[in-house]
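Reading through the structure tokens given below for one structure.
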2 protein chains.
Amino acid sequence: MESISSFAELIAHLKLLNNRKRIAVANAVDSHTLEAVLRASDSGFVEAFLIGDLAMIESPLFFEHKLTPYVHIIDIPEVEQATREAVRMVKSGEADILMKGLVNTDVILRAILDKENGIVEKGKIITYNAALEIPSYHKLLFFTDPAVIPSPTVEQRTAMIKYVTETAHKFGIARPKIALIHATEKANPKIQYMQDYLDIMDKWRMGEFGDVIMDGPLDIFLALDPERGSIKKVPSPIHGDADILVFPNFECANTFYKGLMVFAKAEMAGLLQGTQKPVVLTSRSESVNSKFYSLAMACVMG
Amino acid sequence: MESISSFAELIAHLKLLNNRKRIAVANAVDSHTLEAVLRASDSGFVEAFLIGDLAMIESPLFFEHKLTPYVHIIDIPEVEQATREAVRMVKSGEADILMKGLVNTDVILRAILDKENGIVEKGKIITYNAALEIPSYHKLLFFTDPAVIPSPTVEQRTAMIKYVTETAHKFGIARPKIALIHATEKANPKIQYMQDYLDIMDKWRMGEFGDVIMDGPLDIFLALDPERGSIKKVPSPIHGDADILVFPNFECANTFYKGLMVFAKAEMAGLLQGTQKPVVLTSRSESVNSKFYSLAMACVMG
């Protein structure tokens, strides 16, 4: 498999596979979610089960859209009940992927994490992975975690790196380059997470992360900009060509991607990690594109 | 005074003032520093004292440059001694501004912080302010702190906000809009610095920061993007039009600006804060532009 280096290539890859994944959407009534789901269905890689309060549907597009055999409606007016039904379908194998519609994040997380009826194995670390498409970067940039774990422990960070490496592999990146991000390349021992970074570098040298290239701490220039990086004269196997950024904390990941969405026309896709099946958990303010690409990412992962 | 909304306007403003500031440059031998200083001298707002090991000068430009009455050379081959001499000139009033050339940051910081011969009053909080020019933003964006204080205490953060507000005032921004940045607008009490943010909002309501508009926690969309911000339906007096970002920690500020420099053609200027006189402390990897604009920023502050 050739590596997927843009969202357009991701969509082309899924069209070529010609294999519809079944997706259960919890309260699919907001226009961004509906438009993303219908686009994925029209593109041939999704069969959708829209679960929720049909009377609330806010997208005119939806009613203009000729329903195909690949879009089904399950009318459950109560949001929490609709959410539980979507989770049940995924757990039972009736659907492959779970997607959040107009549901509060804590409501869907509660259903996902429910001991009896949820879709998380006991003890699994739950986190968030994302892929960023920046027009001025030559490939997709994966990163973790902008949303779920504020300050990861070394165990959490180890799990995060394994998840995001798996994601990169699913995108056909045989040997991803992983940068552990900090403000500089200097391993200042006063920084709270620095020992974790050094421990993770040791784990990498011992082979714990498989066939990946890893370096850190590195700053953004050394990770992503070969020119600015080389002025620093810090030799690194990453050399401004990272596939994956591991951020020190979630504010850092969050402000990084949002800054690039606002000012560098970046697009993002993201998935919850640690669940038994892929979960698309984009927030209400995210664009149709973000939801569509996140759904495509889930289809490549599932 | 009209507000300065770009680095071009900053330079135009200084040319118009026609008032040369005297600048002492510690070991001014690297080409980026020399080119920035000569450009500032040619632009008419700097009189430079280049202190260091002349034999090491690496800029061909320097030798082509016709030395004017506004560029003086003080040959001191030993770096630490040259640095101490530059600090002494600023302390004694023979120069108005200190600038770092090819000196390790810890060497110049030691000279600046020296109890006897330094230029920091006892008990002053030392931090770093910067201004970012992003082509796709309509004005300069000030922020704190990408480099010096890893995780500020509430006292440090209060001082940081006062410094950066003063900087915005010097740029003619009468009533700066200040956003306290987080991953979301929700004040999650589990986040270590959230109580500090709430305390700072209280201080603001009590008038401690003067005539500024403040809101937080806010994410980058709410602070800088009126469109994406309004999808969230979170009313904020900032409304995507922030002049100043206060970041939770220094990695966050650091990765934010570096990402925008690499992918959104942003330019940056920055100054150390808390010293008796302005200090230009750009790093070796920074561009001529960064050093030039930082020097211009020092001239407007001094």
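Residues are named by chain letter and number: chains run A, B, ... in the order of the structure tokens, numbers start at 1 in each chain, and ligands are numbered from 1 in the order shown.
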
Give me, as JSON lines, each residue of chain B that comes within 8 Å of chain A, together with its shortest interatomic pair and the distance in Å at one decimal, counting only C-alpha atoms, with rows ordered by chain and rising residue number.
```
{"residue": "B:Ile134", "atom": "CA", "partner": "A:Phe263", "partner_atom": "CA", "distance": 7.5}
{"residue": "B:Ser136", "atom": "CA", "partner": "A:Phe263", "partner_atom": "CA", "distance": 5.8}
{"residue": "B:Tyr137", "atom": "CA", "partner": "A:Phe263", "partner_atom": "CA", "distance": 7.4}
{"residue": "B:Pro146", "atom": "CA", "partner": "A:Ala183", "partner_atom": "CA", "distance": 7.7}
{"residue": "B:Ala147", "atom": "CA", "partner": "A:Ala183", "partner_atom": "CA", "distance": 7.4}
{"residue": "B:Pro150", "atom": "CA", "partner": "A:Ile191", "partner_atom": "CA", "distance": 7.4}
{"residue": "B:His182", "atom": "CA", "partner": "A:Glu251", "partner_atom": "CA", "distance": 5.9}
{"residue": "B:Ala183", "atom": "CA", "partner": "A:Glu251", "partner_atom": "CA", "distance": 4.9}
{"residue": "B:Ile191", "atom": "CA", "partner": "A:Pro150", "partner_atom": "CA", "distance": 7.4}
{"residue": "B:Asp219", "atom": "CA", "partner": "A:Thr255", "partner_atom": "CA", "distance": 7.3}
{"residue": "B:Ile220", "atom": "CA", "partner": "A:Thr255", "partner_atom": "CA", "distance": 6.0}
{"residue": "B:Phe221", "atom": "CA", "partner": "A:Lys258", "partner_atom": "CA", "distance": 6.7}
{"residue": "B:Leu224", "atom": "CA", "partner": "A:Val262", "partner_atom": "CA", "distance": 7.7}
{"residue": "B:Asp225", "atom": "CA", "partner": "A:Val262", "partner_atom": "CA", "distance": 6.6}
{"residue": "B:Arg228", "atom": "CA", "partner": "A:Ser285", "partner_atom": "CA", "distance": 6.7}
{"residue": "B:Gly229", "atom": "CA", "partner": "A:Ser285", "partner_atom": "CA", "distance": 8.0}
{"residue": "B:Ile231", "atom": "CA", "partner": "A:Ser285", "partner_atom": "CA", "distance": 5.4}
{"residue": "B:Lys232", "atom": "CA", "partner": "A:Ser285", "partner_atom": "CA", "distance": 5.5}
{"residue": "B:Pro248", "atom": "CA", "partner": "A:Glu251", "partner_atom": "CA", "distance": 7.6}
{"residue": "B:Phe250", "atom": "CA", "partner": "A:Ala183", "partner_atom": "CA", "distance": 7.0}
{"residue": "B:Glu251", "atom": "CA", "partner": "A:Ala183", "partner_atom": "CA", "distance": 4.9}
{"residue": "B:Cys252", "atom": "CA", "partner": "A:Cys252", "partner_atom": "CA", "distance": 4.2}
{"residue": "B:Ala253", "atom": "CA", "partner": "A:Cys252", "partner_atom": "CA", "distance": 7.7}
{"residue": "B:Asn254", "atom": "CA", "partner": "A:Ala183", "partner_atom": "CA", "distance": 5.6}
{"residue": "B:Thr255", "atom": "CA", "partner": "A:Ile220", "partner_atom": "CA", "distance": 6.0}
{"residue": "B:Phe256", "atom": "CA", "partner": "A:Phe256", "partner_atom": "CA", "distance": 4.9}
{"residue": "B:Lys258", "atom": "CA", "partner": "A:Ile220", "partner_atom": "CA", "distance": 6.0}
{"residue": "B:Gly259", "atom": "CA", "partner": "A:Ile220", "partner_atom": "CA", "distance": 6.6}
{"residue": "B:Leu260", "atom": "CA", "partner": "A:Leu260", "partner_atom": "CA", "distance": 6.6}
{"residue": "B:Val262", "atom": "CA", "partner": "A:Asp225", "partner_atom": "CA", "distance": 6.6}
{"residue": "B:Phe263", "atom": "CA", "partner": "A:Ser136", "partner_atom": "CA", "distance": 5.8}
{"residue": "B:Ala264", "atom": "CA", "partner": "A:Ala264", "partner_atom": "CA", "distance": 4.9}
{"residue": "B:Arg284", "atom": "CA", "partner": "A:Lys232", "partner_atom": "CA", "distance": 7.3}
{"residue": "B:Ser285", "atom": "CA", "partner": "A:Ile231", "partner_atom": "CA", "distance": 5.5}
```

Would you please give, as a PyMOL selection string, all residues of range 45-162 of chain A that DSSP assigns to alpha helix (DSSP H) based on the backbone?
-> chain A and resi 60-64+79-92+105-113+154-162

Selection: 8 Å around Asp243 in chain A, only C-alpha atoms, excl. self and same-chain fewer than 5 positions, as a PyMOL selection string = chain A and resi 139-142+168+176-178

Any chance you can output those residues with C-alpha atoms as a PDB file, in the first residue's frame?
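What landed in again_24.pdb:
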```
ATOM      1  CA  LYS A 139       2.121  15.084   3.988  1.00  0.00           C
ATOM      2  CA  LEU A 140      -0.421  14.482   6.729  1.00  0.00           C
ATOM      3  CA  LEU A 141       0.737  15.284  10.240  1.00  0.00           C
ATOM      4  CA  PHE A 142      -0.577  13.007  12.987  1.00  0.00           C
ATOM      5  CA  ALA A 168      -0.020   6.040  10.816  1.00  0.00           C
ATOM      6  CA  PRO A 176       6.699   6.826  10.882  1.00  0.00           C
ATOM      7  CA  LYS A 177       8.967   9.555  12.267  1.00  0.00           C
ATOM      8  CA  ILE A 178       7.830  10.525  15.755  1.00  0.00           C
TER       9      ILE A 178
END
```

Out of A:Pro69, A:Gly302, A:Gly210, A:Pro189, which residue has the shortest atom-to-atom distance to Lys162 in chain A when counting only C-alpha atoms?
->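 Checking each of A:Pro69, A:Gly302, A:Gly210, A:Pro189 against Lys162 in chain A, counting only C-alpha atoms, the winner is A:Gly210.
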
Which is closest to Pro278 in chain A among A:Glu47, A:Glu80, A:Asp96, A:Glu35, if we use only C-alpha atoms?
->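 Closest to Pro278 in chain A of all the choices is A:Asp96.
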
12 Å contact set for Met89 in chain B, only C-alpha atoms, chain neighbours under 6 positions out, as a ChimeraX atom specification = /B:22-26,48-51,74,82-83,95-99,112,117-119,277

Correct to one decimal, the distance CA of Leu272 in chain B-CA of Gly44 in chain B is 23.3 Å

Expected answer as an MDAnalysis selection string: strand (DSSP E or B) residues in range 34-218 of chain B = chainID B and resid 46:52 71:75 97:100 127:133 141:144 177:181 213:218

Take the residues that were just selected and, keeping C-alpha atoms, output them as an mmCIF file, in the first residue's frame.
```cif
data_model
loop_
_atom_site.group_PDB
_atom_site.id
_atom_site.type_symbol
_atom_site.label_atom_id
_atom_site.label_comp_id
_atom_site.auth_asym_id
_atom_site.auth_seq_id
_atom_site.Cartn_x
_atom_site.Cartn_y
_atom_site.Cartn_z
ATOM 1 C CA VAL B 46 19.604 52.914 16.111
ATOM 2 C CA GLU B 47 23.136 53.903 17.060
ATOM 3 C CA ALA B 48 25.029 50.666 17.592
ATOM 4 C CA PHE B 49 27.958 49.698 19.797
ATOM 5 C CA LEU B 50 29.260 46.356 18.560
ATOM 6 C CA ILE B 51 31.170 44.713 21.372
ATOM 7 C CA GLY B 52 33.043 41.475 20.745
ATOM 8 C CA VAL B 71 28.089 52.138 14.172
ATOM 9 C CA HIS B 72 30.937 51.845 16.684
ATOM 10 C CA ILE B 73 33.207 48.910 17.327
ATOM 11 C CA ILE B 74 34.565 47.914 20.717
ATOM 12 C CA ASP B 75 36.973 45.029 20.323
ATOM 13 C CA ILE B 97 19.112 48.842 24.903
ATOM 14 C CA LEU B 98 20.987 45.547 25.342
ATOM 15 C CA MET B 99 21.095 43.032 22.513
ATOM 16 C CA LYS B 100 22.430 39.476 22.461
ATOM 17 C CA THR B 127 9.603 36.778 31.588
ATOM 18 C CA TYR B 128 9.296 37.074 27.809
ATOM 19 C CA ASN B 129 6.812 38.957 25.598
ATOM 20 C CA ALA B 130 6.417 38.643 21.905
ATOM 21 C CA ALA B 131 4.479 40.104 19.004
ATOM 22 C CA LEU B 132 3.463 37.924 16.094
ATOM 23 C CA GLU B 133 2.626 39.245 12.640
ATOM 24 C CA LEU B 141 -0.878 39.528 18.087
ATOM 25 C CA PHE B 142 0.996 39.898 21.377
ATOM 26 C CA PHE B 143 1.542 36.905 23.618
ATOM 27 C CA THR B 144 3.304 35.659 26.712
ATOM 28 C CA LYS B 177 -8.342 42.644 24.357
ATOM 29 C CA ILE B 178 -6.690 39.900 26.424
ATOM 30 C CA ALA B 179 -7.616 36.215 26.123
ATOM 31 C CA LEU B 180 -6.559 33.671 28.767
ATOM 32 C CA ILE B 181 -5.956 30.631 26.574
ATOM 33 C CA ILE B 213 -10.882 43.850 28.082
ATOM 34 C CA MET B 214 -10.229 40.356 29.424
ATOM 35 C CA ASP B 215 -11.878 36.971 29.052
ATOM 36 C CA GLY B 216 -10.918 33.425 29.827
ATOM 37 C CA PRO B 217 -10.598 30.563 29.663
ATOM 38 C CA LEU B 218 -11.053 30.749 25.888
#
```

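Using only C-alpha atoms, the nearest neighbour of Ala55 in chain A within the list A:Val107, A:Met268, A:Val29, A:Val87 is A:Val29.
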
Provide the CA of Pro237 in chain A to CA of Val154 in chain A distance in Å, to one decimal place.
-> 22.8 Å

From CA of Thr275 in chain A to CA of Ala36 in chain A the spacing works out at 22.0 Å
